[in-house]
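Read the structure below first, then the notes.
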Amino acid sequence: PFAELPRSHGMTVVHITHHDVEAAAAHRVLRLEHGRVVADSVPDLGGGTRPGPVPPAPMGAAPVRYIPAPYARPLLPRAPGSGELTLHELGHNYGHDTVWEHRALEAVTLSVEAGEGLLVVGENGSGKSTLAWIIAGLLRPTYGLCLLDGESVRRRRGAVGIAFQYARLQLQRPTVGAEIIDAAGWLNAEEFRNRVDAARTDARLARTLEAELDRRVARALSVVRLEPDLAARSIEELSGGQQRRVAIAGLLARDPRVLVLDEPLAGLDGPTRTALVELLAELRVNKGLTLVVVTHDPELLATICPRVIRLERGRVVAGTHALPKPPALEGSVA
């Protein structure tokens, strides 16, 4: 529809995208690399393109590298009842008991084993994000149950982490280090409370506390494959992929049992998407983290979340395994 606006409304459209098929519909294409224009193509009378002032460069991002299915390696066992989700007859109505009441979810019943990867797919308005918010404990369902290890997720604060589609909106502190410290809740933890109070009047204790927090931030960044010197950087200086990793680092610092991700690949280029999928595979396979991923882009994510459910108008209409599961390896968890 964007391509029709210049003709139908006389409107200038500037469309920023990673996708070649979207760029192909434009009358003129600029390619940026490291903040510089490296290609500029404009239409000619023959219906093709001719180079602008800068020699053209290939538009395509690096090809996505698919990783093996996670069942190719054994999962590390987790303690019994550490990350199992149970949803029973779950439903949610927005505007409940008002004239604006709207059903978003209806009678959703499913279980997700500890360490399992689940993809939730469906069209816009199918209830995917509502389901994600309920699993994360951010929404109270209108009816039904959402349990983590047999207990309401709303009572298990920090046990379920959620990464929103727009990572920038989730990052509330000015620097990377401050964001991770805040998201992890370290300064509010009992082990730090007395030290924080004492550090206000004791410079030596303040330096010791700062050094400990720096070490923790560095460890959190290393988990998501970011360099420790990024801690001092402003959030505004980060790329979209870095922002998403920082958000995940803050969530993982709380040692959650379940990680919920809403459209984690949205707005990322090919290499960044691949790197993020490999990170999530490592978290699920090597650390036994339960993953629930909401997406419109299941193909790449199916390599780490072989189980898929589809929502339509708030109901589960299909469930399957996206990839065949080979026989369990010796020492693996079935």
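Chain identifiers are assigned as A, B, and so on, following the order in which chains appear in the structure tokens; residues are numbered from 1 within each chain, and ligands are numbered from 1 in order of appearance.
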*Could you give me, as number ranges by chain, the residues within 10 Å of Val294 of chain A, counting only C-alpha atoms and dropping anything in the same chain fewer than 6 positions from it?*
A: 118-122, 128-129, 131-132, 164-165, 260-264, 301, 308-309
*List every residue of segment 133-325 of chain A that DSSP, applied to the backbone of this structure, places in strand (DSSP E), and write the result as a PyMOL selection string.*
chain A and resi 143-148+151-152+160-163+258-262+290-294+307-312+315-321
Pull N, CA and C atoms from the residues just selected and write them as a compact mmCIF listing (two decimals), in the first residue's frame.
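Printed below is result_9.txt as written:
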# COMPACT_ATOMS: atom_id res chain seq x y z
N TYR A 143 -10.94 -15.25 33.20
CA TYR A 143 -11.29 -16.53 33.81
C TYR A 143 -10.22 -17.55 33.45
N GLY A 144 -10.23 -18.67 34.16
CA GLY A 144 -9.25 -19.72 33.91
C GLY A 144 -7.98 -19.53 34.72
N LEU A 145 -7.03 -20.43 34.49
CA LEU A 145 -5.79 -20.47 35.27
C LEU A 145 -4.57 -20.36 34.38
N CYS A 146 -3.55 -19.66 34.89
CA CYS A 146 -2.23 -19.65 34.28
C CYS A 146 -1.23 -19.90 35.39
N LEU A 147 -0.65 -21.10 35.40
CA LEU A 147 0.19 -21.55 36.51
C LEU A 147 1.62 -21.79 36.06
N LEU A 148 2.55 -21.48 36.94
CA LEU A 148 3.96 -21.82 36.76
C LEU A 148 4.35 -22.73 37.89
N GLU A 151 1.68 -22.90 40.57
CA GLU A 151 1.32 -21.69 41.31
C GLU A 151 1.02 -20.57 40.33
N SER A 152 0.10 -19.68 40.68
CA SER A 152 -0.26 -18.58 39.79
C SER A 152 0.98 -17.79 39.40
N VAL A 160 9.05 -15.23 35.51
CA VAL A 160 8.77 -15.14 34.08
C VAL A 160 9.20 -13.76 33.61
N GLY A 161 10.09 -13.71 32.62
CA GLY A 161 10.52 -12.44 32.05
C GLY A 161 9.90 -12.26 30.67
N ILE A 162 9.55 -11.03 30.33
CA ILE A 162 8.98 -10.77 29.01
C ILE A 162 9.76 -9.67 28.32
N ALA A 163 10.11 -9.91 27.06
CA ALA A 163 10.77 -8.92 26.21
C ALA A 163 9.76 -8.45 25.19
N VAL A 258 11.10 -18.84 32.90
CA VAL A 258 10.45 -18.77 31.60
C VAL A 258 10.79 -17.42 30.98
N LEU A 259 11.08 -17.41 29.68
CA LEU A 259 11.31 -16.18 28.95
C LEU A 259 10.27 -16.08 27.83
N VAL A 260 9.49 -14.99 27.86
CA VAL A 260 8.47 -14.74 26.85
C VAL A 260 8.98 -13.63 25.94
N LEU A 261 8.95 -13.85 24.62
CA LEU A 261 9.43 -12.86 23.67
C LEU A 261 8.35 -12.55 22.65
N ASP A 262 8.03 -11.26 22.51
CA ASP A 262 7.00 -10.81 21.58
C ASP A 262 7.70 -10.26 20.34
N THR A 290 12.75 -22.21 29.64
CA THR A 290 11.51 -22.38 28.88
C THR A 290 11.28 -21.13 28.04
N LEU A 291 11.03 -21.30 26.74
CA LEU A 291 10.82 -20.18 25.84
C LEU A 291 9.40 -20.21 25.28
N VAL A 292 8.75 -19.04 25.33
CA VAL A 292 7.46 -18.84 24.66
C VAL A 292 7.65 -17.65 23.74
N VAL A 293 7.55 -17.87 22.42
CA VAL A 293 7.87 -16.83 21.45
C VAL A 293 6.65 -16.54 20.59
N VAL A 294 6.21 -15.27 20.62
CA VAL A 294 5.12 -14.80 19.77
C VAL A 294 5.74 -14.23 18.50
N ARG A 307 7.77 -26.71 18.73
CA ARG A 307 6.33 -26.82 18.95
C ARG A 307 5.65 -25.50 18.59
N VAL A 308 4.54 -25.57 17.84
CA VAL A 308 3.85 -24.39 17.36
C VAL A 308 2.36 -24.49 17.68
N ILE A 309 1.77 -23.41 18.20
CA ILE A 309 0.32 -23.34 18.29
C ILE A 309 -0.14 -22.12 17.50
N ARG A 310 -1.30 -22.24 16.89
CA ARG A 310 -1.87 -21.13 16.12
C ARG A 310 -3.15 -20.66 16.78
N LEU A 311 -3.24 -19.33 16.92
CA LEU A 311 -4.44 -18.71 17.48
C LEU A 311 -5.26 -18.06 16.37
N GLU A 312 -6.56 -18.20 16.47
CA GLU A 312 -7.49 -17.47 15.61
C GLU A 312 -8.64 -16.98 16.47
N ARG A 315 -8.70 -18.29 20.06
CA ARG A 315 -8.76 -19.72 20.34
C ARG A 315 -7.60 -20.44 19.68
N VAL A 316 -7.13 -21.50 20.32
CA VAL A 316 -6.11 -22.36 19.72
C VAL A 316 -6.77 -23.23 18.68
N VAL A 317 -6.36 -23.08 17.42
CA VAL A 317 -6.99 -23.84 16.33
C VAL A 317 -6.06 -24.91 15.77
N ALA A 318 -4.79 -24.86 16.12
CA ALA A 318 -3.85 -25.86 15.61
C ALA A 318 -2.65 -25.92 16.53
N GLY A 319 -2.08 -27.11 16.61
CA GLY A 319 -0.85 -27.30 17.36
C GLY A 319 -0.05 -28.38 16.69
N THR A 320 1.25 -28.16 16.57
CA THR A 320 2.07 -29.14 15.86
C THR A 320 3.52 -28.99 16.28
N HIS A 321 4.36 -29.87 15.80
CA HIS A 321 5.81 -29.73 15.92
C HIS A 321 6.33 -29.30 14.56
_Atomic separation - atom CA of Gly35 of chain A relative to atom CA of Val14 of chain A, Å_ =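 Atom CA of Gly35 of chain A lies at a distance of 17.0 Å from atom CA of Val14 of chain A.
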*If you run DSSP on the backbone, which residues of segment 124-193 of chain A are alpha helix (DSSP H), as a count of residues only?*
25
*Rank A:Thr208, A:Thr98, A:Ser82, A:Thr12 by their smallest atom-to-atom distance to Phe192 of chain A, using only C-alpha atoms, and report the top residue only.*
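Using only C-alpha atoms, the shortest distance to Phe192 of chain A belongs to A:Thr208.
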Could you name the residues that touch Arg103 of chain A at 7 Å or less, counting only C-alpha atoms, but leaving out those on the same chain fewer than 4 positions away, as a CSV table (one decimal) with C-alpha atoms, in the first residue's frame?
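Final output, saved to result08.csv:
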chain,number,residue,atom,x,y,z
A,92,HIS,CA,-9.6,-12.7,28.7
A,93,ASN,CA,-12.0,-10.0,27.8
A,94,TYR,CA,-10.9,-6.4,27.5
*Excluding Glu113 of chain A and residues on its chain fewer than 5 positions from it, collect all residues at most 9 Å away from it, counting only C-alpha atoms, and give them as a ChimeraX atom specification.*
/A:81,83-86,290
*Distance criterion (only C-alpha atoms): nearest to Arg156 of chain A out of A:Arg254, A:Arg244, A:His296, A:Arg207*: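 The closest residue to Arg156 of chain A is A:Arg254.
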Non-local contacts of Leu105 of chain A (6 Å; only C-alpha atoms; under 5 positions in same chain excluded) as a short mmCIF file (atom, residue, chain, number, x, y, z; two decimals) with N, CA and C atoms, in the first residue's frame:
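Final output, around.cif:
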data_model
loop_
_atom_site.label_atom_id
_atom_site.label_comp_id
_atom_site.auth_asym_id
_atom_site.auth_seq_id
_atom_site.Cartn_x
_atom_site.Cartn_y
_atom_site.Cartn_z
N GLY A 91 -9.16 -17.46 29.59
CA GLY A 91 -9.85 -16.51 28.74
C GLY A 91 -9.64 -15.09 29.24
N HIS A 92 -9.70 -14.15 28.31
CA HIS A 92 -9.55 -12.75 28.71
C HIS A 92 -10.42 -11.87 27.82
N GLY A 127 -4.90 -12.67 19.44
CA GLY A 127 -4.75 -12.88 20.88
C GLY A 127 -3.35 -13.25 21.31
N GLY A 314 -8.70 -15.63 19.26
CA GLY A 314 -8.56 -15.94 20.67
C GLY A 314 -8.59 -17.40 21.04
#
*So which residues touch Glu212 of chain A within 12 Å, counting only C-alpha atoms, skipping near sequence neighbours fewer than 3 positions away, as a count of residues only?*
16
_Shortest interatomic distance to Gly158 of chain A - which of A:Leu139, A:Ala184, A:Ala39, A:Leu238, counting only C-alpha atoms_ = A:Ala184
*Select, from A:Glu299, A:Asp202, A:Asp229, A:Glu116, the residue with the minimum atom-to-atom distance to Arg284 of chain A, counting only C-alpha atoms.*
A:Glu116
*asked:* Taking 4 positions as the minimum chain separation for residues in the same chain, which residues sit within 10 Å of segment 168-172 of chain A when counting only C-alpha atoms? Answer as a list in words.
replied: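 Once the nearby chain positions are removed, what remains is Ile162, Ala163, Phe164, Val176, Ala178, Glu179, Ile180, Asp182, Ala183, Ile235, Glu236, Leu238, Ser239, Gly240, Gln243, Arg244, Val246, Ala247 and Gly250 of chain A.
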*Quick one: pull the distance between atom CA of Val38 of chain A and atom CA of Thr274 of chain A, Å, one decimal.*
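Going from atom CA of Val38 of chain A over to atom CA of Thr274 of chain A covers 23.9 Å.
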